[in-house]
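Chemist: Submitted below is the structure of interest, expressed as structure tokens.
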Amino acid sequence: MSVRVITLGCRINTYESELIKEIVPTDIDAVVVNTCAVTGEAERQCRQTIRKLRKENPNSLLIVTGCAAQVHPEKFATMPEVDRVLGNREKLSADNFSLQAPAFNVSDIMEEEGFSEHLLGGFEGRSRAFLQIQQGCDYRCTFCIVPKARGRNRSVPPARIITEAKRLAAAGFTEFVLTGVNIAAYGDDASTLPRLGGLARTLLENVPQIQRLRFSSLDPAAFDDELLALFSSEPRIMPHIHFSLQSGSDVILKRMGRRHRREQVINLCDRLRQARPDIVFGSDFIAGFPTEDEAMFAETADLITRCNIVLLHVFPYSEREGTPAAKMQQVAPPIRKERAAFLRRQGERLLAYYLASRVGLTASVLLEKPNEGSDSHYIPVKLCGKTGRIGEVAEVKITAWQDGFLQGELI
């Protein structure tokens, strides 16, 4: 008997897939597909993956769960390849994976208030650990389906986060990533909880084994002052931030339902560079959002240059059924793709300039393979010559760069 878990989508799914691996009964032969619903294209790829997995595993119990299954459970329940559909709440209970469990079990995620009681013991095949610190989102961006898939904002109590971090540290993990649907909203749901900066400080104080701490995507509108101060005072906080910006145009940001504005982002990046001069920024951007004209698009390109955002995740806008943006005046798909390609080329130029500036310097690299890893700025590094131990944080002399990564030698 064996259980195979296929993860599609974000870091939260990665975290929850590890939970599934640990709670699924060992007496079943099953393939579990943990789906993503962030775009219509993502959901299409989920269905494609399910069909492929059924052909590869004709006799296994095929269970579909995750965000796409939560948002459109009936679509997956009617697929002939699928044996069972579980919602995002149900996938965290071992009973729902037993052979006797019902074939359809998806509840209203908006009623969910808690978290899985299971504490993770590790991450298979990974050298960094993810800590889920919150779940859900109370905001309603016009392009986003995620609240319907994940429910309301719910913050994990600090004591539980610390307990899980100690457990993972004891398993040998030294780099941790705080993750969630909207981690900048941590603490918004209870006055007794700290904000994200306070949580990070408490975590580092209570788990000294943490050598490197990172944050998943951050909303610039909710960046708290204690978190800003922590970047200046705590060397274990890595000098890398990935923002959820989506656009550099105030008009488009307003139509997206985002809470930040262009000048706010510029000012925040300036303040962060003053606090941590070597900091590196990354961001998500949507190209060709409904109603975006050439001038609005140019504002996004300008923001990327002004803030020197070198790690770009660019997506052409994809209509998502059930969102307000899908009903707005659409930009033609070829223009969306053209604008996305322009931003990617811009990002490649900025990244190349940054990588060239690193040659001759020393980098601290977390080895994810014997000859590959990520430096403190989340830049991929490949080793030449002598290799190291997976999970080790090694000092590397940077000797060259190419194609989006650095090359170096162990010191």
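Chain identifiers are assigned as A, B, and so on, following the order in which chains appear in the structure tokens; residues are numbered from 1 within each chain, and ligands are numbered from 1 in order of appearance.
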So which residues touch range 166-177 of chain A within 8 Å, counting only C-alpha atoms, skipping near sequence neighbours fewer than 3 positions away, as an MDAnalysis selection string?
Modeler: chainID A and resid 120:122 127:131 162:163 207 209:216 366 391
Chemist: Using only C-alpha atoms, please write the residues we just selected to a file, as a short mmCIF file (atom, residue, chain, number, x, y, z; two decimals), in the first residue's frame.
Modeler:
```cif
data_model
loop_
_atom_site.label_atom_id
_atom_site.label_comp_id
_atom_site.auth_asym_id
_atom_site.auth_seq_id
_atom_site.Cartn_x
_atom_site.Cartn_y
_atom_site.Cartn_z
CA LEU A 120 4.30 18.57 11.53
CA GLY A 121 7.44 16.55 12.06
CA GLY A 122 9.22 17.42 8.82
CA SER A 127 15.82 21.78 3.36
CA ARG A 128 13.61 24.63 4.66
CA ALA A 129 10.49 24.40 6.79
CA PHE A 130 7.20 26.23 6.36
CA LEU A 131 5.25 27.44 9.39
CA ILE A 162 6.52 28.08 18.65
CA THR A 163 5.80 24.44 19.54
CA VAL A 207 13.47 29.14 19.11
CA GLN A 209 17.84 27.14 16.59
CA ILE A 210 16.28 29.19 13.78
CA GLN A 211 19.22 30.50 11.78
CA ARG A 212 17.24 32.09 8.94
CA LEU A 213 13.68 33.39 8.89
CA ARG A 214 11.72 34.41 5.80
CA PHE A 215 8.22 35.61 5.05
CA SER A 216 5.95 34.53 2.23
CA LEU A 366 21.29 27.18 2.25
CA GLY A 391 20.48 21.57 4.76
#
```
Chemist: Among range 20-258 of chain A, which residues does DSSP mark as strand (DSSP E or B) when it is run on the backbone? Keep the chain and numbering as in the structure and answer as a ChimeraX atom specification.
Modeler: /A:30-35,61-66,84-86,104-105,128-132,134-135,154-155,175-179,212-215,218,237,240-246
Chemist: Determine, using only C-alpha atoms, which residues of range 61-111 of chain A have any atom at most 8 Å from an atom of range 21-39 of chain A, and tabulate each with its shortest atom pair and distance in Å to one decimal place, rows ordered by chain and then rising number, as a Markdown table.
Modeler:
```
| residue | atom | partner | partner_atom | distance |
| --- | --- | --- | --- | --- |
| A:Leu61 | CA | A:Ala30 | CA | 4.4 |
| A:Leu62 | CA | A:Val31 | CA | 4.9 |
| A:Ile63 | CA | A:Val32 | CA | 4.7 |
| A:Val64 | CA | A:Val33 | CA | 4.9 |
| A:Thr65 | CA | A:Asn34 | CA | 5.0 |
| A:Gly66 | CA | A:Thr35 | CA | 4.6 |
| A:Cys67 | CA | A:Cys36 | CA | 5.1 |
| A:Ala68 | CA | A:Ala37 | CA | 4.5 |
| A:Ala69 | CA | A:Thr35 | CA | 6.8 |
| A:Val71 | CA | A:Ala37 | CA | 7.5 |
| A:Leu92 | CA | A:Ile23 | CA | 7.9 |
| A:Ser93 | CA | A:Ile23 | CA | 7.4 |
| A:Ala94 | CA | A:Ile23 | CA | 5.2 |
| A:Phe97 | CA | A:Val24 | CA | 6.0 |
| A:Ser98 | CA | A:Pro25 | CA | 6.6 |
| A:Leu99 | CA | A:Ile28 | CA | 7.2 |
```
Chemist: For the selection just defined, write its residues with C-alpha atoms to a file, as a compact mmCIF listing (two decimals), in the first residue's frame.
Modeler:
```txt
# COMPACT_ATOMS: atom_id res chain seq x y z
CA LEU A 61 -8.11 5.58 -4.88
CA LEU A 62 -7.92 9.06 -6.44
CA ILE A 63 -8.82 11.81 -3.97
CA VAL A 64 -9.13 15.45 -5.01
CA THR A 65 -8.90 18.20 -2.40
CA GLY A 66 -7.56 21.74 -2.00
CA CYS A 67 -8.79 25.11 -3.22
CA ALA A 68 -10.23 24.12 -6.60
CA ALA A 69 -12.13 21.27 -4.95
CA VAL A 71 -14.60 26.32 -4.88
CA LEU A 92 -6.92 17.86 7.48
CA SER A 93 -8.80 15.00 9.17
CA ALA A 94 -7.46 11.45 8.97
CA PHE A 97 -9.07 9.33 4.07
CA SER A 98 -10.26 5.97 5.37
CA LEU A 99 -11.72 3.46 2.93
```
Chemist: Ranking A:Thr291, A:Ser374, A:Ser155, A:Thr362 by minimum distance to Arg336 in chain A and counting only C-alpha atoms, which one comes first?
Modeler: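 The shortest atom-to-atom distance to Arg336 in chain A comes from A:Thr291.
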Chemist: Identify which of the residues A:Ile145, A:Ile133, A:Ala295, A:Ile390 lies closest to Lys369 in chain A, counting only C-alpha atoms when measuring atom-to-atom distances.
Modeler: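 Closest candidate: A:Ile390.
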Chemist: Please identify all polymer residues within 6 Å of range 321-330 of chain A, counting only C-alpha atoms, omitting same-chain residues fewer than 3 positions from it, and present them as a list in words.
Modeler: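 Close residues of range 321-330 of chain A: Thr142, Phe143, Pro290 and Thr291 of chain A.
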Chemist: List as a PyMOL selection string the protein and nucleic acid residues near range 257-262 of chain A, meaning an atom at most 12 Å away when only C-alpha atoms are counted, but skip any in the same chain fewer than 3 places from it.
Modeler: chain A and resi 139-144+218-223+243-254+265-269+296+299-304+306-307+323-325
Chemist: Give me, as a list of chain:residue names, all polymer residues having an atom no more than 10 Å from Arg349 in chain A, counting only C-alpha atoms and skipping those fewer than 6 positions away in the same chain.
Modeler: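 Neighbouring residues, sequence-local ones excluded: A:Val310, A:Leu343, A:Leu355, A:Gly404.
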Chemist: Considering only C-alpha atoms, can you say which of A:Ala340, A:Cys10, A:Ile183, A:Ala42 comes closest to Tyr317 in chain A?
Modeler: A:Ala340
Chemist: In Å, how far is it from CA of Glu234 in chain A to CA of Leu196 in chain A?
Modeler: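 Result for CA of Glu234 in chain A versus CA of Leu196 in chain A: 14.4 Å, one decimal.
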Chemist: Identify all residues of range 130-312 of chain A in alpha helix (DSSP H) (DSSP on the backbone) and supply them as a PyMOL selection string.
Modeler: chain A and resi 146-150+158-170+196-206+225-233+250-256+262-275+294-307
Chemist: Between A:Pro277, A:Pro334, A:Gly360, A:Gly187, which residue has the minimum interatomic distance to Ala200 in chain A, considering only C-alpha atoms?
Modeler: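 Among the listed residues, the smallest separation from Ala200 in chain A belongs to A:Gly187.
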Chemist: Hey, what's within 9 Å of Pro370 in chain A if we count only C-alpha atoms and toss same-chain stuff fewer than 3 positions away? As a list in words, please?
Modeler: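 With the cut-off at 9 Å, the set is Leu367, Gly373, Leu383, Thr387, Gly388, Arg389, Ile390 and Gly391 of chain A.
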Chemist: Grab the CA of Thr202 in chain A to CA of Arg154 in chain A distance for me, in Å with one decimal place.
Modeler: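 Straight-line distance from CA of Thr202 in chain A to CA of Arg154 in chain A works out to 18.7 Å.
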Chemist: For CA of Arg339 in chain A and CA of Gly282 in chain A, quote the distance in Å rounded to one decimal.
Modeler: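 One can read the CA of Arg339 in chain A to CA of Gly282 in chain A distance as 18.2 Å.
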Chemist: So that I can see what lies close to Lys397 in chain A, please list as a list of chain:residue names the residues with an atom at most 7 Å from it, counting only C-alpha atoms and leaving out residues fewer than 6 positions away in the same chain.
Modeler: A:Gly360, A:Leu361, A:Thr362, A:Ala363, A:Gly408, A:Glu409, A:Leu410, A:Ile411
Chemist: What would the file look like if the residues just selected were written as a tab-separated table (two decimals), in the first residue's frame with C-alpha atoms?
Modeler:
```tsv
chain	number	residue	atom	x	y	z
A	360	GLY	CA	33.47	38.65	-6.13
A	361	LEU	CA	31.39	38.83	-2.94
A	362	THR	CA	30.62	36.16	-0.35
A	363	ALA	CA	27.16	34.67	0.11
A	408	GLY	CA	30.41	30.09	-6.68
A	409	GLU	CA	32.84	27.96	-4.70
A	410	LEU	CA	32.68	26.78	-1.11
A	411	ILE	CA	35.00	28.72	1.18
```
